[in-house]
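Visitor: Got a structure here, written out as structure tokens. Questions coming.
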Amino acid sequence: MGKFEENVQNLVDATSFKEPKKVPIGGSFFGWPFARAGATYRDLMDDPVKAAEIYIKGMEGIEIDYYLALGIAQPIKMYQAFGNYSITLGDDGVTVEHHQANDQYYNQDIYDTIIADAGRFTRDTNVKVKFPNLNQPKEKAYQAFISAVKEYMTFSDMNTRITDYFQKEKGAAPIQASPVACVSPLTSIFHSIRGIRNTLLDLKRIPDKVYAACDALWEHQMLPMINRSNLDDFCKPFPFARTGYHPECFVSPEVYDRIYFNYFRDKFLPYMEKGMKFFLLGEGAFLSTMDRFRQLPKGSMIILLDQDDPFEAHKKIGDWCTIACGITVDLLSVGTKQQCIDYVKKCFDTFAPGGGFIFLSNGPLMSASDAKLENILAAYETANDLSRK
């Protein structure tokens, strides 16, 4: 068995509440490795070979068995080629930023459009609004499309080189590689259709419209994945799918059930009963809704905590769901080396016995200020030492 296969088996064992041979140590790294290497993505984004080389150099000394995310999160120059400037690089040249002020949002009449035909909205209406350069005369629109494709290929080339290196040379497993995914349509409404403020107001003023639009988008987006004839193909030998949410942490548990959990449970339970595990990327605080996951098979959920205290979450759900935690970005950025070491040890002492624990920071490392070098090296060295005991 090679290192990649060993890491996959350790992930399966740990998330199945068996003590693995090694507790899986993971990471989520975006722009930070460039900053550590003394470079910027802005200066390297047109040279995927050099960019991947510098990124990998910036990861030296950080041993990972799996990864949540590596490389750069968004194809920034692709969006720009389409005429969309809502996704940009920060002044530091490495941090990807979403500027809602630069985005084009719809008025509340858009709910009726989505309800009437979610597919047409997604494939046609929304594309033309979000990518305005496609609304030019045919020849110019075609050139914009070609430019965007080239920019995406350059972006993808860099990220592929990075992930190939960690998979083939280091044996690191991608925990979100499955084509099966479940993300609430409210996330799209929240981020790109109505915006944060308007979405939250709509949930108070016209909730039925929001719910109906979410239902239409659910069916359009998720139906291709809900093919129960090929469950076994998706569930073995790497049974990790993905889910997550962001706006749901701002709503009541009742609304949470209506717009996310009930649909997730009802549509994807057959996958979980076949052994699939969903990695949940939760943003904000969601301890108040975590007990819902007891309605799903034991070991079917891997929950990444953001703002919630992992020790409180463990008391509530740690016997049923895997907790992904181990170090916080706050400690990595402003704590001392010893504080990081002590926190990692506390996590292993609390969560590792009996399985149900994988090591991961509570947020991605995006910019230079997200982690002091001595802190992250100490945290990962400690975690890897403890993981082998």
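Residue numbering restarts at 1 for every chain of the structure tokens, chains are lettered A, B, ... in their displayed order, and ligands are numbered from 1 as they appear.
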Could you pull out all residues of range 155-316 of chain A with a DSSP call of helix (DSSP H, G or I) and give them as an MDAnalysis selection string?

Guide: chainID A and resid 155:169 185:193 196:205 207:225 228:235 247:250 253:273 287:295 310:316

Visitor: Go ahead and save the residues from that selection, with C-alpha atoms, as a short mmCIF file (atom, residue, chain, number, x, y, z; two decimals), in the first residue's frame.

Guide:
data_model
loop_
_atom_site.label_atom_id
_atom_site.label_comp_id
_atom_site.auth_asym_id
_atom_site.auth_seq_id
_atom_site.Cartn_x
_atom_site.Cartn_y
_atom_site.Cartn_z
CA PHE A 155 -5.12 29.22 -13.49
CA SER A 156 -6.08 25.54 -13.60
CA ASP A 157 -2.61 24.52 -14.78
CA MET A 158 -1.02 26.09 -11.70
CA ASN A 159 -3.48 24.54 -9.25
CA THR A 160 -3.21 21.14 -10.93
CA ARG A 161 0.58 21.22 -10.69
CA ILE A 162 0.30 22.01 -6.98
CA THR A 163 -2.25 19.32 -6.18
CA ASP A 164 -0.46 16.73 -8.34
CA TYR A 165 2.73 17.37 -6.40
CA PHE A 166 1.07 16.86 -3.04
CA GLN A 167 -0.83 13.78 -4.20
CA LYS A 168 1.95 12.04 -6.09
CA GLU A 169 5.05 13.17 -4.20
CA PRO A 185 -28.97 27.60 -3.08
CA LEU A 186 -29.37 30.25 -0.41
CA THR A 187 -25.58 30.56 -0.58
CA SER A 188 -25.84 31.69 -4.22
CA ILE A 189 -28.72 34.06 -3.42
CA PHE A 190 -26.74 35.43 -0.48
CA HIS A 191 -23.47 35.94 -2.33
CA SER A 192 -24.31 36.70 -5.93
CA ILE A 193 -28.04 37.08 -6.64
CA ILE A 196 -26.11 39.71 2.04
CA ARG A 197 -28.32 42.55 3.26
CA ASN A 198 -31.16 42.01 0.81
CA THR A 199 -31.27 38.25 1.31
CA LEU A 200 -31.62 38.56 5.06
CA LEU A 201 -34.34 41.20 4.61
CA ASP A 202 -36.14 39.01 2.06
CA LEU A 203 -36.26 36.14 4.55
CA LYS A 204 -38.23 38.43 6.84
CA ARG A 205 -40.41 40.23 4.26
CA PRO A 207 -39.92 34.29 2.95
CA ASP A 208 -42.24 32.24 0.73
CA LYS A 209 -40.61 33.68 -2.38
CA VAL A 210 -37.15 32.88 -1.06
CA TYR A 211 -38.17 29.34 -0.15
CA ALA A 212 -39.79 28.72 -3.54
CA ALA A 213 -36.70 30.02 -5.36
CA CYS A 214 -34.47 27.82 -3.20
CA ASP A 215 -36.67 24.81 -4.01
CA ALA A 216 -36.39 25.50 -7.74
CA LEU A 217 -32.61 25.92 -7.56
CA TRP A 218 -32.25 22.80 -5.39
CA GLU A 219 -33.97 20.68 -7.99
CA HIS A 220 -32.03 22.19 -10.89
CA GLN A 221 -28.60 22.02 -9.24
CA MET A 222 -28.88 18.78 -7.31
CA LEU A 223 -30.98 16.55 -9.54
CA PRO A 224 -28.05 15.46 -11.75
CA MET A 225 -26.27 14.14 -8.65
CA ARG A 228 -29.31 6.31 -7.01
CA SER A 229 -28.40 3.68 -9.57
CA ASN A 230 -24.68 4.43 -9.29
CA LEU A 231 -24.25 5.01 -5.55
CA ASP A 232 -21.56 2.36 -5.21
CA ASP A 233 -19.44 4.08 -7.87
CA PHE A 234 -19.42 7.28 -5.81
CA CYS A 235 -18.98 5.68 -2.39
CA PRO A 247 -25.83 32.26 5.23
CA GLU A 248 -27.41 29.49 7.30
CA CYS A 249 -25.44 30.61 10.35
CA PHE A 250 -27.43 33.87 10.29
CA PRO A 253 -32.93 26.77 13.36
CA GLU A 254 -36.39 26.54 11.78
CA VAL A 255 -35.29 28.42 8.67
CA TYR A 256 -32.07 26.39 8.64
CA ASP A 257 -34.11 23.19 8.45
CA ARG A 258 -36.29 24.58 5.65
CA ILE A 259 -33.53 25.87 3.39
CA TYR A 260 -30.76 23.35 4.02
CA PHE A 261 -30.96 20.42 6.37
CA ASN A 262 -34.24 18.77 5.39
CA TYR A 263 -33.29 18.72 1.74
CA PHE A 264 -29.75 17.52 2.47
CA ARG A 265 -31.03 14.69 4.68
CA ASP A 266 -33.80 13.56 2.37
CA LYS A 267 -31.86 13.64 -0.89
CA PHE A 268 -28.45 12.39 0.23
CA LEU A 269 -29.31 9.87 2.94
CA PRO A 270 -29.08 7.00 0.39
CA TYR A 271 -25.46 7.95 -0.27
CA MET A 272 -24.65 8.02 3.44
CA GLU A 273 -26.33 4.66 3.98
CA LEU A 287 -23.63 24.96 17.37
CA SER A 288 -27.40 25.48 17.79
CA THR A 289 -28.18 23.32 14.74
CA MET A 290 -25.45 20.69 15.09
CA ASP A 291 -27.70 18.18 16.81
CA ARG A 292 -29.55 17.74 13.47
CA PHE A 293 -26.74 15.53 12.25
CA ARG A 294 -27.77 12.79 14.68
CA GLN A 295 -30.55 12.10 12.18
CA PRO A 310 -14.63 22.55 19.31
CA PHE A 311 -14.67 21.32 22.90
CA GLU A 312 -18.32 22.32 23.25
CA ALA A 313 -19.12 20.83 19.85
CA HIS A 314 -17.44 17.60 20.88
CA LYS A 315 -19.68 17.36 23.93
CA LYS A 316 -22.74 17.81 21.72
#

Visitor: Extract the full set of strand (DSSP E or B) residues from range 168-290 of chain A according to DSSP on the backbone, and format it as a list in words.

Guide: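 Those residues are Ala173, Pro174, Ala181, Cys182, Val183, Phe240, Ala241, Arg242, Thr243, Gly244, Tyr245, Lys277, Phe278, Phe279, Leu280, Leu281 and Gly282 of chain A.
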
Visitor: For Ser28 in chain A, find every residue with an atom within 6 Å (counting only C-alpha atoms), except residues of its own chain fewer than 2 positions away, and show them as a PyMOL selection string.

Guide: chain A and resi 68-69+364

Visitor: Could you turn the residues from that selection into a file that holds N, CA and C atoms, as a PDB file, in the first residue's frame?

Guide:
ATOM      1  N   LEU A  68      -7.740  20.139   2.289  1.00  0.00           N
ATOM      2  CA  LEU A  68      -9.066  20.679   1.987  1.00  0.00           C
ATOM      3  C   LEU A  68      -8.989  21.568   0.761  1.00  0.00           C
ATOM      4  N   ALA A  69      -7.966  22.407   0.689  1.00  0.00           N
ATOM      5  CA  ALA A  69      -7.779  23.294  -0.462  1.00  0.00           C
ATOM      6  C   ALA A  69      -6.310  23.668  -0.575  1.00  0.00           C
ATOM      7  N   PRO A 364      -8.904  28.820   6.235  1.00  0.00           N
ATOM      8  CA  PRO A 364      -7.785  28.744   5.294  1.00  0.00           C
ATOM      9  C   PRO A 364      -6.762  29.836   5.569  1.00  0.00           C
TER      10      PRO A 364
END

Visitor: Write out as a VMD selection string each polymer residue whose atoms come within 12 Å of Leu332 in chain A, counting only C-alpha atoms; drop sequence neighbours fewer than 4 positions from it.

Guide: chain A and resid 326 to 328 336 to 341 343 to 344 361 to 365 368 to 380

Visitor: Which is closest to Arg42 in chain A among A:Ala173, A:Leu296, A:Cys182, A:Val96, if we use only C-alpha atoms?

Guide: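 For Arg42 in chain A, the nearest of the given residues is A:Val96.
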
Visitor: Within 8 Å of range 238-243 of chain A, which residues of range 99-179 of chain A come that close, and what is the closest atom pair and distance in Å for each? Count only C-alpha atoms and give it as a Markdown table.

Guide:
| residue | atom | partner | partner_atom | distance |
| --- | --- | --- | --- | --- |
| A:Ile175 | CA | A:Phe240 | CA | 6.0 |
| A:Gln176 | CA | A:Arg242 | CA | 5.7 |
| A:Ala177 | CA | A:Ala241 | CA | 7.0 |
| A:Ser178 | CA | A:Ala241 | CA | 5.0 |
| A:Pro179 | CA | A:Ala241 | CA | 7.1 |

Visitor: Taking only C-alpha atoms into account, produce a table as a tab-separated table in which each residue of range 333-363 of chain A with an atom at most 6 Å from an atom of range 10-26 of chain A appears once, together with its shortest atom pair and the distance in Å to one decimal, ordered by chain and rising number.

Guide:
residue	atom	partner	partner_atom	distance
A:Gly354	CA	A:Glu19	CA	5.4
A:Gly355	CA	A:Phe17	CA	4.2
A:Gly356	CA	A:Phe17	CA	4.8
A:Ile358	CA	A:Pro24	CA	5.2
A:Phe359	CA	A:Ile25	CA	4.8
A:Leu360	CA	A:Gly26	CA	5.1

Visitor: State, in Å with one decimal place, the distance from CA of Ala148 in chain A to CA of His99 in chain A.

Guide: 19.8 Å

Visitor: Do you have the CA of Gln136 in chain A-CA of Phe121 in chain A distance handy?

Guide: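 Between these atoms lies a distance of 19.4 Å.
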
Visitor: Which one is closest to Lys170 in chain A: A:Gly31, A:Gly61, A:Pro353, A:Gly284? Count only C-alpha atoms.

Guide: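 That would be A:Gly61, the residue with the smallest distance to Lys170 in chain A.
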
Visitor: I'd like the contact shell of range 32-40 of chain A - 7 Å cut-off, only C-alpha atoms, skipping same-chain residues fewer than 6 positions apart - returned as a PyMOL selection string.

Guide: chain A and resi 54-55+57-59+93-94+365-368

Visitor: Using only C-alpha atoms, find the one residue out of A:Val127, A:Ala285, A:Leu89, A:Cys325 that sits nearest to Lys345 in chain A.

Guide: A:Cys325

Visitor: When you count only C-alpha atoms, which of these residues is closest to Val149 in chain A: A:Gln80, A:Thr322, A:Gln100, A:Ser252?

Guide: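 Of A:Gln80, A:Thr322, A:Gln100, A:Ser252, the one nearest Val149 in chain A, counting only C-alpha atoms, is A:Gln80.
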
Visitor: From the list A:Glu97, A:Asp92, A:Asp308, A:Glu5, which residue is nearest Ala73 in chain A when using only C-alpha atoms?

Guide: A:Glu97

Visitor: Which residue, A:Pro132, A:Leu70, A:Asp43, A:Thr154, has the smallest gap to Ile56 in chain A when you use only C-alpha atoms?

Guide: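 Closest candidate: A:Leu70.
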
Visitor: Any idea what the distance is between CA of Asp349 in chain A and CA of Phe29 in chain A?

Guide: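 These atoms are spaced 25.4 Å apart.
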